[in-house]
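Asks: Got a structure for you, written out below as structure tokens; questions coming shortly.
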Amino acid sequence: MTTPSPTPAGPDPHPGFGPDLARRCYREMLTARRIDEEAIALQRQGVFPAYVSLRGQEAAQVAGAAALDAERDFAFPTYREMGVALALGVDMVGYMASHRALWHGGLYDPMASRFSSLNAVVGGPVPHAVGWAVGERLRGGTGCAMAYFGDGASSEGDIHEAMNFAAVYRAPVVFFCQNNRWALSVPNERQVAGGSVAARAQGYGMPGTAVDGNDAAAVHRATAQALERARAGQGPSLIEALTYRVEPHSTSDDTSRYRDAEEERAWRDRDPLTLLRARMEADGSGDAAFFEQAEQEARKRAEAVRDGVSTAPEPDGTDLFAHVFREPTEELARQQRVWYEEVRP
Amino acid sequence: MTGTMTEAAGAARGPAAGAVTREMSMQQAINAALRTVLEQDPDTLVFGEDVGALGGVFRVTDGLQRDFGAERVFDTPLAESAIVGMAVGLAMNGWRPIPELQFDGFAYPAVDQIVNQLARMHYRSRGAAPMPVTLRLPSFGGIQAPEHHGESLEALFAHVPGLKVCAPSDPQDAYRLLVQSVRCDDPVVYMEPKARYWERRPVDTAAGAGDMPVGRSRVLRPGRHATLVAWGAMVHRCLQAAEYAAEDGVELEVVDLRWLKPIDAEGLAASVSRTRRAVVVHEAPLTAGLGAEVGSLVTERAFGALAAPVERVAGFDVPYPAGPLEPQYLPTIDRILSAVQRTLEYERP
């Protein structure tokens, strides 16, 4: 399983992935890469207690999310979907604030962003996507829900319950699995019985597609097709983007205890940015000036995010109490008075 | 829908909006409350296992799908976690979901969605995503049901930040508390005492919840010698115990707590300040049950008035038993009266 297969040569299999879209995806994938690198550095400097890298998954995230309509669709992430957040236009300082441990769900507005709060329960947000989509259909809206999860979460009962619900209700949901081959320290072989997450779709009577998750055009095309189907009232789909987590699970992880460095190297050679750049250079949708400009913009943006999140104010102690209830209780108000009198710095 | 009805047709058919007092069972009263909120708030949705054509295993949702349509009242596949998870997503799309979990013990498969998602989404999103979800949970024991059909989960849910919990004890309050729960913008676990579903009482469906704040208890029977504190089906048992005590000249006050979070600490303190003694009664196992919370609140707020330690009469620390043993597990009138007696005879060492 360790050897990535090369992208097949031949005529363009993804005609919908035009130059403008390729350039947008490249810019955002590169920006996500640079923010990711800044984040790892911030963890090394002690600014972030920990960080979960998306390196290697930029195509799966950005090119898939680029098919979403940020005006009417809604994405339900777990905690490694920084590239999706970026593609949807989420306030990235607010997003990265979660990794600085300023607020678990991040400091962005999930409703305005159409990107739910970061969620550390893998699989947990997937039924939310189904509920949102059922509600969208009831309302007569045309939005779709995109539910993100990984190969590890594909073992969670919630994923299966959610797929069954979505198929029963023909809800406009795209189940988007980033199979990065490692669920923390456990490889696909010991995580995904049968070897394919996409194949599980058949059991729920919906299309299941495995795509090269490092091929931006392939990811975009599969996602756009699934969204089109959902929007047309034809129900949910499952996409399995085959990719690789080239970094450790988190900055607290040690991959040398469970996987071969040679495997990581092989996948680093299939870097989604390198692949997209080669494609754009070949078809002329990106020249040297474009790539240089994209690099400068990505660095500038990443530095701004870095500076913004590093200097963001820590939450005030009143935030402990502010959002527990919409209609606060007397008891919680009493406890807040205790905090005010006995704890407040 | 028409404005005429017979008592027999009762809650399942009548218009909930009209000011009507009629006798109905608790299960009909909850049906009437669901009608009220479905009529008054177009964002409300009722869903769960078998709530549609069947009308629920207890017929609480009888006729709702027929009258409000299969879009607003619908069956779900059999998966409690997804039912609650779907409610979270529906709320994020502006709906006011009223999911049902068929039985108390089957809330456990949904605990992750209830605790980690439903209860926290408003907090996690810093108020951007309200969760006005009323989770209906037929609860407590006393109906000789199979395993997992007689559980009392109130302490579990009351312990979870972000949740509110209530349990009505009679048809009128079942109506009022459900309307109140649905109108509340926070998630509420609404625990229905199955054993009381069929008792008929007059219900005023115009007695809306608008003027009643969440978290208020009520004194169902005034008395001066001791306070019995209970919720759900145990309220009735406490009222029975108070009848027996009265025959011996002991006047027991019965407080129906109604809300298990927030708990009406002031109401408890006011009652115990009058009676100076308290016995809290619940079906759930004793250890770390909500009786401990009640006892602590009373002690903190009315210590000076207390003439005896707060007594707890609860289920035993055993799994909920099968039918023949139910009567020996649930608090009996004799156990309640014995506890009262201990508080009355208590002498400070």
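Ordered as shown in the structure tokens, chains take letters A, B, and onward, while each chain numbers its residues from 1 and ligands are numbered from 1 in the order shown.
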Neighbouring residues of Gln43 in chain A were defined as those with any atom within 12 Å, considering only C-alpha atoms; residues of the same chain fewer than 2 positions away were excluded. Please report them as a list in words.
Replies: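 Listing them by chain and then by number gives Asp36, Glu37, Glu38, Ala39, Ile40, Ala41, Gln45, Gly46, Val47, Phe48, Pro49, Ala50, Tyr51, Val52, Ser53, Met96, His99, Arg100, Ala101, Ser250, Thr251, Ser252, Arg306 and Ser310 of chain A.
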Asks: Given a cut-off of 9 Å, which residues of chain A touch chain B, counting only C-alpha atoms, written out as number ranges by chain?
Replies: A: 103-112, 116-119, 121, 124-136, 138-139, 157-159, 161-162, 164-165, 168, 319, 321-327, 329-332
Asks: Keeping only N, CA and C atoms, write the selected residues to a file as a compact mmCIF listing (two decimals), in the first residue's frame.
Replies:
# COMPACT_ATOMS: atom_id res chain seq x y z
N TRP A 103 -9.73 29.50 21.90
CA TRP A 103 -11.12 29.05 22.01
C TRP A 103 -11.23 27.76 21.21
N HIS A 104 -11.81 26.72 21.83
CA HIS A 104 -11.80 25.40 21.18
C HIS A 104 -12.36 25.44 19.75
N GLY A 105 -13.49 26.11 19.59
CA GLY A 105 -14.15 26.09 18.29
C GLY A 105 -13.61 27.11 17.31
N GLY A 106 -12.58 27.82 17.71
CA GLY A 106 -12.08 28.92 16.89
C GLY A 106 -12.83 30.20 17.20
N LEU A 107 -12.26 31.32 16.74
CA LEU A 107 -12.87 32.63 17.05
C LEU A 107 -13.63 33.22 15.87
N TYR A 108 -13.75 32.44 14.80
CA TYR A 108 -14.54 32.92 13.66
C TYR A 108 -16.02 32.64 13.91
N ASP A 109 -16.87 33.28 13.11
CA ASP A 109 -18.31 33.05 13.22
C ASP A 109 -18.69 31.90 12.27
N PRO A 110 -19.03 30.74 12.81
CA PRO A 110 -19.29 29.59 11.93
C PRO A 110 -20.52 29.77 11.06
N MET A 111 -21.51 30.50 11.55
CA MET A 111 -22.74 30.65 10.77
C MET A 111 -22.50 31.59 9.59
N ALA A 112 -21.84 32.71 9.86
CA ALA A 112 -21.55 33.65 8.77
C ALA A 112 -20.55 33.05 7.79
N SER A 116 -18.71 25.19 10.00
CA SER A 116 -19.03 24.96 11.41
C SER A 116 -17.78 25.08 12.29
N SER A 117 -18.01 25.26 13.56
CA SER A 117 -16.89 25.39 14.50
C SER A 117 -16.02 24.14 14.46
N LEU A 118 -14.72 24.32 14.61
CA LEU A 118 -13.81 23.18 14.70
C LEU A 118 -14.35 22.18 15.70
N ASN A 119 -14.24 20.91 15.37
CA ASN A 119 -14.83 19.88 16.20
C ASN A 119 -13.82 18.77 16.39
N VAL A 121 -14.34 15.89 17.91
CA VAL A 121 -14.92 14.55 17.88
C VAL A 121 -15.00 14.11 16.43
N GLY A 124 -18.30 13.15 14.70
CA GLY A 124 -19.40 13.84 15.39
C GLY A 124 -20.15 14.85 14.55
N PRO A 125 -19.45 15.65 13.74
CA PRO A 125 -20.16 16.66 12.94
C PRO A 125 -20.90 16.09 11.72
N VAL A 126 -20.63 14.85 11.38
CA VAL A 126 -21.21 14.31 10.14
C VAL A 126 -22.75 14.22 10.22
N PRO A 127 -23.32 13.74 11.32
CA PRO A 127 -24.79 13.81 11.42
C PRO A 127 -25.32 15.25 11.39
N HIS A 128 -24.52 16.20 11.83
CA HIS A 128 -24.98 17.60 11.76
C HIS A 128 -25.18 18.02 10.30
N ALA A 129 -24.26 17.57 9.47
CA ALA A 129 -24.37 17.89 8.04
C ALA A 129 -25.67 17.34 7.47
N VAL A 130 -26.02 16.13 7.91
CA VAL A 130 -27.27 15.53 7.42
C VAL A 130 -28.47 16.35 7.90
N GLY A 131 -28.46 16.70 9.18
CA GLY A 131 -29.56 17.50 9.71
C GLY A 131 -29.67 18.84 9.00
N TRP A 132 -28.53 19.47 8.78
CA TRP A 132 -28.52 20.76 8.09
C TRP A 132 -29.11 20.59 6.69
N ALA A 133 -28.71 19.52 6.02
CA ALA A 133 -29.16 19.30 4.65
C ALA A 133 -30.66 18.97 4.59
N VAL A 134 -31.12 18.17 5.54
CA VAL A 134 -32.56 17.88 5.61
C VAL A 134 -33.32 19.19 5.83
N GLY A 135 -32.78 20.01 6.72
CA GLY A 135 -33.42 21.30 6.99
C GLY A 135 -33.40 22.22 5.78
N GLU A 136 -32.34 22.15 5.03
CA GLU A 136 -32.22 22.99 3.82
C GLU A 136 -33.28 22.58 2.79
N LEU A 138 -36.11 21.01 3.47
CA LEU A 138 -37.43 21.37 4.00
C LEU A 138 -37.73 22.84 3.76
N ARG A 139 -36.71 23.65 3.83
CA ARG A 139 -36.87 25.08 3.68
C ARG A 139 -37.05 25.48 2.21
N GLY A 157 -19.40 4.94 14.44
CA GLY A 157 -20.80 4.64 14.15
C GLY A 157 -21.56 5.83 13.58
N ASP A 158 -21.24 7.03 14.05
CA ASP A 158 -21.95 8.22 13.58
C ASP A 158 -21.87 8.36 12.06
N ILE A 159 -20.72 7.98 11.47
CA ILE A 159 -20.56 8.10 10.03
C ILE A 159 -21.59 7.20 9.33
N GLU A 161 -24.37 5.88 10.61
CA GLU A 161 -25.73 6.34 10.88
C GLU A 161 -26.07 7.52 9.97
N ALA A 162 -25.12 8.41 9.84
CA ALA A 162 -25.37 9.62 9.05
C ALA A 162 -25.56 9.29 7.58
N ASN A 164 -26.64 6.51 6.33
CA ASN A 164 -27.93 5.85 6.17
C ASN A 164 -29.07 6.87 6.22
N PHE A 165 -29.01 7.78 7.18
CA PHE A 165 -30.05 8.82 7.28
C PHE A 165 -30.09 9.64 5.99
N VAL A 168 -31.63 7.68 3.19
CA VAL A 168 -33.07 7.49 3.39
C VAL A 168 -33.82 8.78 3.03
N ASP A 319 -15.78 35.07 29.36
CA ASP A 319 -16.15 34.13 28.28
C ASP A 319 -16.44 32.73 28.81
N PHE A 321 -18.45 32.04 30.96
CA PHE A 321 -19.88 31.96 31.27
C PHE A 321 -20.78 32.46 30.15
N ALA A 322 -20.22 33.24 29.24
CA ALA A 322 -21.05 34.04 28.35
C ALA A 322 -21.93 33.23 27.42
N HIS A 323 -21.46 32.08 26.98
CA HIS A 323 -22.18 31.38 25.90
C HIS A 323 -22.72 30.01 26.30
N VAL A 324 -22.74 29.73 27.61
CA VAL A 324 -23.24 28.42 28.04
C VAL A 324 -24.71 28.28 27.68
N PHE A 325 -25.46 29.34 28.01
CA PHE A 325 -26.89 29.34 27.71
C PHE A 325 -27.26 30.60 26.95
N ARG A 326 -28.30 30.46 26.14
CA ARG A 326 -28.94 31.62 25.52
C ARG A 326 -29.74 32.38 26.59
N GLU A 327 -30.36 31.59 27.46
CA GLU A 327 -31.15 32.16 28.55
C GLU A 327 -30.46 31.74 29.85
N THR A 329 -29.00 30.97 33.55
CA THR A 329 -29.67 30.56 34.78
C THR A 329 -29.15 31.37 35.96
N GLU A 330 -29.97 31.42 37.01
CA GLU A 330 -29.55 32.13 38.23
C GLU A 330 -28.32 31.46 38.82
N GLU A 331 -28.29 30.14 38.77
CA GLU A 331 -27.16 29.42 39.35
C GLU A 331 -25.86 29.77 38.63
N LEU A 332 -25.91 29.84 37.31
CA LEU A 332 -24.69 30.17 36.59
C LEU A 332 -24.27 31.62 36.88
Asks: Going by DSSP on the backbone, which residues of range 12-201 of chain A come out as strand (DSSP E)? List them as an MDAnalysis selection string.
Replies: chainID A and resid 74:76 145:150 173:179 182:183 186:187
Asks: In Å, rounded to a single decimal, give me how far CA of Ala193 in chain A is from CA of Phe106 in chain B.
Replies: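 Distance between the two atoms: 27.6 Å.
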Asks: Point out the residue among A:Ser237, A:Thr243, A:Thr142, A:Gln293 with the least atom-to-atom distance to Glu71 in chain A, counting only C-alpha atoms.
Replies: A:Thr142
Asks: Which is closer to Gln144 in chain B than all the others in B:Gly323, B:Pro331, B:Gly223, B:Gly105, using only C-alpha atoms?
Replies: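 Smallest separation from Gln144 in chain B among the options: B:Gly323.
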Asks: Would you work out the distance separating CA of Val73 in chain B from CA of Lys194 in chain B, expressed in Å to one decimal?
Replies: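 Computed distance, CA of Val73 in chain B to CA of Lys194 in chain B, equals 21.5 Å.
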Asks: Hey, could you make a per-residue contact list for range 192-261 of chain B against range 27-42 of chain B with 9 Å as the cut-off, showing the nearest pair of atoms and its distance in Å to one decimal, counting only C-alpha atoms, sorted by chain and number, as CSV?
Replies:
residue,atom,partner,partner_atom,distance
B:Glu192,CA,B:Gln27,CA,8.8
B:Lys194,CA,B:Gln27,CA,8.6
B:Arg196,CA,B:Gln27,CA,8.4
B:Tyr197,CA,B:Gln27,CA,4.9
B:Trp198,CA,B:Gln27,CA,6.5
B:Glu199,CA,B:Gln27,CA,8.7
B:Arg200,CA,B:Gln28,CA,8.9
B:Val203,CA,B:Ala29,CA,7.2
B:Thr205,CA,B:Ala32,CA,7.5
Asks: Excluding range 15-19 of chain A and its own-chain neighbours fewer than 2 positions away, which residues fall within 8 Å of it when counting only C-alpha atoms? Please give them as number ranges by chain.
Replies: A: 12-13, 21-23, 217, 220-221, 280, 285-286
Asks: If you keep C-alpha atoms, can you produce a file of those selected residues as a PDB file, in the first residue's frame?
Replies:
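File written: result09.pdb
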ATOM      1  CA  ASP A  12      -7.049  15.817 -19.858  1.00  0.00           C
ATOM      2  CA  PRO A  13      -9.472  13.734 -17.817  1.00  0.00           C
ATOM      3  CA  LEU A  21      -9.771  27.578 -11.217  1.00  0.00           C
ATOM      4  CA  ALA A  22      -6.324  26.010 -11.356  1.00  0.00           C
ATOM      5  CA  ARG A  23      -4.735  29.337 -10.443  1.00  0.00           C
ATOM      6  CA  ALA A 217      -8.437  18.601 -10.767  1.00  0.00           C
ATOM      7  CA  HIS A 220     -12.586  19.228  -7.823  1.00  0.00           C
ATOM      8  CA  ARG A 221     -14.345  17.328 -10.533  1.00  0.00           C
ATOM      9  CA  MET A 280      -0.172  24.240 -14.959  1.00  0.00           C
ATOM     10  CA  SER A 285      -2.189  28.131 -17.068  1.00  0.00           C
ATOM     11  CA  GLY A 286       0.681  29.257 -14.882  1.00  0.00           C
TER      12      GLY A 286
END
Asks: Work out how far apart CA of Val133 in chain B and CA of Ala174 in chain B are and give it in Å to one decimal.
Replies: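 Distance between the two atoms: 16.9 Å.
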Asks: If you count only C-alpha atoms, which residues fall within 12 Å of Phe140 in chain B, apart from same-chain ones fewer than 2 positions away, as a ChimeraX atom specification?
Replies: /B:103-105,137-138,142-145,147-154,167-169,190-197,231-234,282-285,315,320,326,330
Asks: Hey, can you spit out that residue selection with C-alpha atoms as a CSV table (one decimal), in the first residue's frame?
Replies:
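Resulting contents of result.csv:
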chain,number,residue,atom,x,y,z
B,103,PHE,CA,-36.9,5.2,25.8
B,104,ASP,CA,-34.6,6.5,28.5
B,105,GLY,CA,-32.1,3.7,28.2
B,137,LEU,CA,-37.3,11.3,26.6
B,138,PRO,CA,-39.9,8.9,28.0
B,142,GLY,CA,-42.9,1.6,37.0
B,143,ILE,CA,-44.4,0.0,33.9
B,144,GLN,CA,-42.8,-3.4,34.1
B,145,ALA,CA,-41.0,-2.9,30.8
B,147,GLU,CA,-34.5,-3.8,30.3
B,148,HIS,CA,-33.4,-0.2,29.4
B,149,HIS,CA,-37.0,1.0,29.5
B,150,GLY,CA,-37.1,2.2,33.1
B,151,GLU,CA,-34.0,4.3,33.6
B,152,SER,CA,-33.7,7.7,35.3
B,153,LEU,CA,-31.0,9.7,33.6
B,154,GLU,CA,-31.6,13.1,35.1
B,167,ALA,CA,-39.7,16.3,34.3
B,168,PRO,CA,-43.4,17.0,34.6
B,169,SER,CA,-45.6,15.1,37.1
B,190,TYR,CA,-37.8,16.8,28.7
B,191,MET,CA,-38.3,13.6,30.7
B,192,GLU,CA,-41.7,12.1,30.5
B,193,PRO,CA,-42.8,9.9,33.4
B,194,LYS,CA,-44.1,6.9,31.5
B,195,ALA,CA,-45.9,5.5,34.6
B,196,ARG,CA,-48.1,8.6,34.7
B,197,TYR,CA,-48.9,8.7,30.9
B,231,TRP,CA,-40.1,15.1,40.3
B,232,GLY,CA,-41.8,13.0,37.6
B,233,ALA,CA,-43.7,10.0,38.8
B,234,MET,CA,-42.4,10.2,42.4
B,282,HIS,CA,-36.2,9.8,43.4
B,283,GLU,CA,-36.2,6.7,41.3
B,284,ALA,CA,-32.6,6.9,40.2
B,285,PRO,CA,-29.9,5.0,42.2
B,315,GLY,CA,-33.6,3.6,44.0
B,320,TYR,CA,-32.9,-1.2,37.1
B,326,GLU,CA,-39.7,-3.0,40.4
B,330,LEU,CA,-38.7,2.0,43.5
Asks: Pick out each residue of range 132-344 of chain A that DSSP on the backbone tags as helix (DSSP H, G or I); I need them as a PyMOL selection string.
Replies: chain A and resi 132-139+153-155+157-169+188-190+200-203+216-231+255-257+261-268+272-283+288-311+319-322+330-342
Asks: Please identify all polymer residues within 8 Å of Glu156 in chain A, counting only C-alpha atoms, omitting same-chain residues fewer than 3 positions from it, and present them as a count of residues only.
Replies: 6
Asks: Using only C-alpha atoms, which protein or nucleic acid residues come within 9 Å of Ala269 in chain B? Drop anything in the same chain fewer than 4 positions from it, and give the result as a PyMOL selection string.
Replies: chain B and resi 264-265+273-274+297-302
Asks: Could you write those residues out with N, CA and C atoms, as a PDB file, in the first residue's frame?
Replies:
ATOM      1  N   ASP B 264     -34.644  24.895  41.417  1.00  0.00           N
ATOM      2  CA  ASP B 264     -35.173  26.061  42.125  1.00  0.00           C
ATOM      3  C   ASP B 264     -34.670  26.066  43.568  1.00  0.00           C
ATOM      4  N   ALA B 265     -33.463  26.516  43.740  1.00  0.00           N
ATOM      5  CA  ALA B 265     -32.856  26.505  45.073  1.00  0.00           C
ATOM      6  C   ALA B 265     -33.629  27.395  46.039  1.00  0.00           C
ATOM      7  N   SER B 273     -37.409  26.176  54.957  1.00  0.00           N
ATOM      8  CA  SER B 273     -37.365  27.155  56.036  1.00  0.00           C
ATOM      9  C   SER B 273     -38.660  27.117  56.844  1.00  0.00           C
ATOM     10  N   ARG B 274     -39.730  26.784  56.160  1.00  0.00           N
ATOM     11  CA  ARG B 274     -41.021  26.670  56.863  1.00  0.00           C
ATOM     12  C   ARG B 274     -41.125  25.359  57.637  1.00  0.00           C
ATOM     13  N   LEU B 297     -28.128  21.724  48.295  1.00  0.00           N
ATOM     14  CA  LEU B 297     -28.714  23.063  48.130  1.00  0.00           C
ATOM     15  C   LEU B 297     -29.505  23.462  49.364  1.00  0.00           C
ATOM     16  N   VAL B 298     -30.273  22.521  49.907  1.00  0.00           N
ATOM     17  CA  VAL B 298     -31.072  22.830  51.098  1.00  0.00           C
ATOM     18  C   VAL B 298     -30.148  23.158  52.269  1.00  0.00           C
ATOM     19  N   THR B 299     -29.091  22.368  52.383  1.00  0.00           N
ATOM     20  CA  THR B 299     -28.161  22.594  53.495  1.00  0.00           C
ATOM     21  C   THR B 299     -27.484  23.960  53.377  1.00  0.00           C
ATOM     22  N   GLU B 300     -27.101  24.313  52.143  1.00  0.00           N
ATOM     23  CA  GLU B 300     -26.424  25.597  51.943  1.00  0.00           C
ATOM     24  C   GLU B 300     -27.359  26.783  52.195  1.00  0.00           C
ATOM     25  N   ARG B 301     -28.610  26.597  51.796  1.00  0.00           N
ATOM     26  CA  ARG B 301     -29.518  27.758  51.816  1.00  0.00           C
ATOM     27  C   ARG B 301     -30.396  27.822  53.059  1.00  0.00           C
ATOM     28  N   ALA B 302     -30.558  26.695  53.751  1.00  0.00           N
ATOM     29  CA  ALA B 302     -31.484  26.707  54.893  1.00  0.00           C
ATOM     30  C   ALA B 302     -30.903  25.955  56.085  1.00  0.00           C
TER      31      ALA B 302
END
